[in-house]
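**Student:** I have a structure I would like to understand better, so I am pasting it below and will then ask my questions one at a time.
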Amino acid sequence: MNLPCVLKFNRMTVFMVFYVLVFSGIASADRQWQGVWIGSDQVSKPNIWYCFRNDIELSKSPKTAVANIACDSKYWLWINDEMVVFEGQLKRGPTPKDTYYDEIDLTGHLKKGKNAIAVLVWYWGKHGFAHNSSGKAGLIFDADIDGKRIVSDSSWKVKQHPAYSSTGKPHPNWRLAEPNIKFDAQNDIADWYKSNYDYSGWSESVEFGKPPVAPWNRLEKRPILQWKNTGIIDYKEVAEKYNDDGTKTVIGVLPYNCQVTPYLKIDAPASMTVNMQGDNYNNMPNGPTVRAEYISRRGIQEYESLGWMNGHEIQYTMPKEVKVLEVKYRETGYNADFVGTFDCDDERLNTLWEKAKRTLYVTMRDNYMDCPDRERAQWWGDAVNELGEAFYVFDAEKGPLLAKKGIYELARWQRPDKVIYSPVPAGVSQWWAMSKEMSGGKQKKDGTWNWELPRQILASVGWHGFWTYYWYTGDKQTIVDVYPHVRDYLSLWEIGKDGLVIHRAGDWDWTDWGHNKDVAVLENAWLYLALKAAVEMAKLSGEQSDIAGYMTKMESIEANFNETFWRGDRYHSPAYDGKTDDRANAMAVVAGLAKKEYYPLIRLVLSNQYHASPYMEKYVMEALYLLDVPGQGVERTKKRFASMIDAPITTLYENFGGGKDRVGNGTYNHAWSGGALTVLSQYAAGIAPTKPGFEEFAVLPQMGPLKRIRVVVPTKYGNIQLRLNKEKTLSMDLTVPRGTEAIIGVPKEINPANIHLNGKLVYKSGKAPAGSYVGEDDKWIKYSVKAGNWKIKANVN
């Protein structure tokens with residue numbers, strides 16, 4: 001076997017990771033380390049792989065054994081010939097200087113007597129949109145085994161793995177820190193990780209110092225679980241074709257777009273090159289994503305390339321002399337459970353919801369990503385949409401941890417001048433190219449990236465970002481911790497003599513892709529929502545003295561917004577000369593600034609203006625439900641996303657378009673396009689928290705043209721389950737988890753003659769409401785119910 005050609009992995013290891021799931025702030029970085037950073041005495045060149053070995057003797061099988069491990073950039077760990085960690089280590093870092101570390105439970109893997117420890121470290125050696133390279137390859141291992149410390153030091157042996165090197169061109173586009181992988185099996189170290197391998201001739205490791213030594217600095221515990229891991233599994237189907245250049249391509253079809261490491265077993269002559277890449281390898285104008293090359297030795301051999309790639313299929317291209325015995329793959333991904341569901345009588349909406357779910361998952365790993373191929377970056381406009389979607393998809397324990405991690409990162413990368421920027425984490429030198437690309441050559445002298453995108457940051461720290469995270473989780477401590485950063489950032493925003501926002505261009509004056517962006521209207525709406533969230537954060541944090549300043553700005557915007565921007569039939573700012581902006585009119589509604597008497601005219605605007613990208617279309621959809629026209633919302637959603645719904649893939653495009661023609665549509669897996677997932681669950685089904693963490697929640701459905709909806713919404717108390725049917729009568733079957741209460745709304749649009757709650761008459765037209773009636777508004781007749789199963793039936797007049 002060529003190691004790391006094939007990695008045997010115990011699936012149960014995923015669940016043996018020693019990890020405490022807490023919602024009480026990021027883990028302390030101040031543990032006392034006894035291990036030292038170790039490495040090679042060689043200069044740390046980019047894309048280099050190191051093998052580390054050490055054996056330990058134990059007098060008995062340990063009762064507890066916990067290891068803390070860190071490196072730059074990724075590692076794989078074996079204990080006694082068994083794979084324990086597949087691709088450990090998170091990208092750097094929690095702050096611009098520091099590094100994450102993993103906490104791993106080794107208890108079930110160690111035994112009495114000799115124990116072999118083997119670690120393979122992959123050092124990328126360059127910055128990227130989601131990784132801040134330390135500039136130095138290194139490893140630290142610090143284990144507590146029944147009170148005895150086993151640590152990395154100069155007694156550990158190290159060897160550069162000679163089979164790994166860099167491919168030739170094309171390389172991944174400059175946004176990615178991850179390089180291509182080239183593995184020459186003729187230079188492999190067979191079974192180097194096994195307990196019977198003699199590594200005595202390897203070099204002693206060089207000690208670099210104890211944490212918090214530079215360049216890795218302080219170490220902070222990984223706040224998310226190790227990856228899910230399927231082990232090596234079969235493709236859905238495998239096909240083969242011969243190419244005009246004399247090569248052949250074997251195509252492994254995946255069941256859906258996912259993050260995979262490709263595997264092959266071949267019988268080949270020596271020095272045959274097999275190229276492995278996803279079907280989305282180069283389908284974008286910004287350059288390719290990652291690929292892998294395998295150089296064969298003579299005979300039968302097997303290999304798994306360790307760097308993950310994604311797509312709907314993996315393509316293995318090779319000389320025709322190579323005989324393929326097997327191709328398979330391993331799927332890994334963010335470790336959370338799929339719990340939430342949505343199903344209705346409109347199959348096109350169901351397809352859109354499912355594609356949004358799949359797109360969301362493939363854009364989650366070390367961080368929320370805009371896309372898993374082009375850049376893997378945590379742009380926070382994308383992250384806001386993603387975290388909102390995730391609450392309706394994943395379990396309430398593990399699912400929110402990625403949002404929590406991202407919130408802390410965004411706050412802790414804040415610049416000294418109070419500016420918050422994204423994407424973070426990110427490196428510096430690679431941003432030189434981007435700053436030149438986006439500023440017409442007027443980049444910063446040091447080439448650093450710390451650019452503010454003002455509207456994205458307002459969305460992030462505001463109502464749909466940080467506050468949505470709190471409202472859906474109830475995690476107070478995170479908000480208390482990051483609130484000072486929010487306060488500092490909002491202090492940069494000023495109100496002008498006209499009582500409205502003074503335009504803040506930031507470093508990249510970006511609002512949305514596309515044309516006809518009415519920035520003044522949008523900017524005031526985004527700031528208003530951020531201030532609204534800041535008021536609540538200040539209350540939660542006990543910073544009451546901050547509230548007056550926020551309220552003063554909010555009141556100024558309220559007093560001047562409509563007078564300045566309302567043109568009698570639409571929102572259109574005086575200095576803006578483009579077409580009426582659907583985004584701006586929608587955001588006026590979402591922010592709560594639009595007067596209700598304007599609603600009919602805004603509905604008309606949203607029926608004939610189509611300028612928003614899929615990113616901002618989420619807020620247009622939300623506005624249509626707030627405008628009480630769910631039918632128009634469904635119609636517009638299906639119209640705008642038609643080509644994505646019909647596209648023969650499982651994920652959503654970055655831009656409107658799709659099908660087989662990807663030109664101009666950006667990446668084909670962009671989670672910011674999944675806003676319909678949130679809107680259908682939150683508004684069509686009507687399920688949203690009314691107290692933090694779903695202690696109390698609303699069921700206020702707006703079914704519009706839909707006749708049937710079935711949903712499951714995860715909460716920390718258990719799953720909310722709802723079945724809605726609207727034919728001649730409206731029926732609602734609801735499961736309210738223990739420890740929660742629900743506010744149920746029967747839509748007035750059906751003109752109910754009577755309402756029964758678990759068989760008891762609680763409402764009859766013309767008579768005073770009975771039972772647990774809590775009030776009504778212009779849309780719903782509302783009842784409060786406690787935990788249990790409830791059946792609501794409303795007969796219509």
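Letters for chains follow the order of the structure tokens (A, B, ...), residue numbers begin at 1 for each chain, and ligand numbers begin at 1 in the order shown.
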Applying 7 Å and only C-alpha atoms, which residues near Asn367 of chain A remain after dropping the ones on its own chain fewer than 6 positions away? List them as a PyMOL selection string.
**Tutor:** chain A and resi 378+402+406
**Student:** Contacts of segment 513-519 of chain A at 7 Å or less, counting only C-alpha atoms, minus same-chain residues fewer than 2 places along, as a list in words?
**Tutor:**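 With the cut-off at 7 Å, the set is Val521, Leu522, Glu523, His572, Ser573, Tyr576, Gly578, Lys579, Asp581, Ala584, His611, Ala612 and Ser613 of chain A.
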**Student:** Keeping C-alpha atoms, export the residues of the selection given above as a CSV table (one decimal), in the first residue's frame.
**Tutor:**
chain,number,residue,atom,x,y,z
A,521,VAL,CA,-32.1,54.1,0.1
A,522,LEU,CA,-30.3,50.8,0.7
A,523,GLU,CA,-27.7,52.3,3.0
A,572,HIS,CA,-36.1,56.5,-5.6
A,573,SER,CA,-33.4,58.7,-4.1
A,576,TYR,CA,-30.0,58.3,-8.3
A,578,GLY,CA,-31.0,54.5,-12.7
A,579,LYS,CA,-34.1,52.4,-13.0
A,581,ASP,CA,-34.5,49.5,-7.7
A,584,ALA,CA,-34.2,49.4,-2.4
A,611,HIS,CA,-32.4,43.9,-10.8
A,612,ALA,CA,-31.4,42.1,-7.6
A,613,SER,CA,-28.9,39.4,-7.7
**Student:** With a distance cut-off of 12 Å and only C-alpha atoms, select the neighbouring residues of Arg504 of chain A, excluding the residue or stretch itself and same-chain residues fewer than 2 positions from it, and output the selection as a ChimeraX atom specification.
**Tutor:** /A:419,452-458,490,492-496,500-502,506-511,519-520,522-524,526-527
**Student:** Distance atom CA of Lys539 of chain A-atom CA of Tyr469 of chain A, one decimal place?
**Tutor:**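 Distance between the two atoms: 16.2 Å.
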**Student:** Quick one: residues within 8 Å of Leu627 of chain A, only C-alpha atoms counted, chain neighbours fewer than 4 positions away excluded, as a list in words?
**Tutor:** Val589, Tyr599, Arg603 and Ala623 of chain A
**Student:** Taking N, CA and C atoms for each residue, export the selection above as an mmCIF file, in the first residue's frame.
**Tutor:**
data_model
loop_
_atom_site.group_PDB
_atom_site.id
_atom_site.type_symbol
_atom_site.label_atom_id
_atom_site.label_comp_id
_atom_site.auth_asym_id
_atom_site.auth_seq_id
_atom_site.Cartn_x
_atom_site.Cartn_y
_atom_site.Cartn_z
ATOM 1 N N VAL A 589 -39.210 48.074 3.109
ATOM 2 C CA VAL A 589 -40.233 47.275 3.797
ATOM 3 C C VAL A 589 -39.590 46.432 4.892
ATOM 4 N N TYR A 599 -47.745 50.301 0.566
ATOM 5 C CA TYR A 599 -47.573 48.889 0.244
ATOM 6 C C TYR A 599 -48.111 48.516 -1.151
ATOM 7 N N ARG A 603 -45.724 46.809 -3.977
ATOM 8 C CA ARG A 603 -46.020 45.510 -4.593
ATOM 9 C C ARG A 603 -45.927 45.600 -6.112
ATOM 10 N N ALA A 623 -39.655 40.729 1.720
ATOM 11 C CA ALA A 623 -40.527 41.900 1.650
ATOM 12 C C ALA A 623 -41.913 41.541 1.143
#
**Student:** Quick one: which segment 476-559 of chain A residues come within 12 Å of segment 683-704 of chain A, and what is the nearest atom pair for each with the distance in Å to one decimal, counting only C-alpha atoms, rows ordered by chain and ascending number, as a tab-separated table?
**Tutor:**
residue	atom	partner	partner_atom	distance
A:Lys476	CA	A:Pro692	CA	9.0
A:Glu536	CA	A:Pro692	CA	11.9
A:Leu540	CA	A:Pro692	CA	11.4
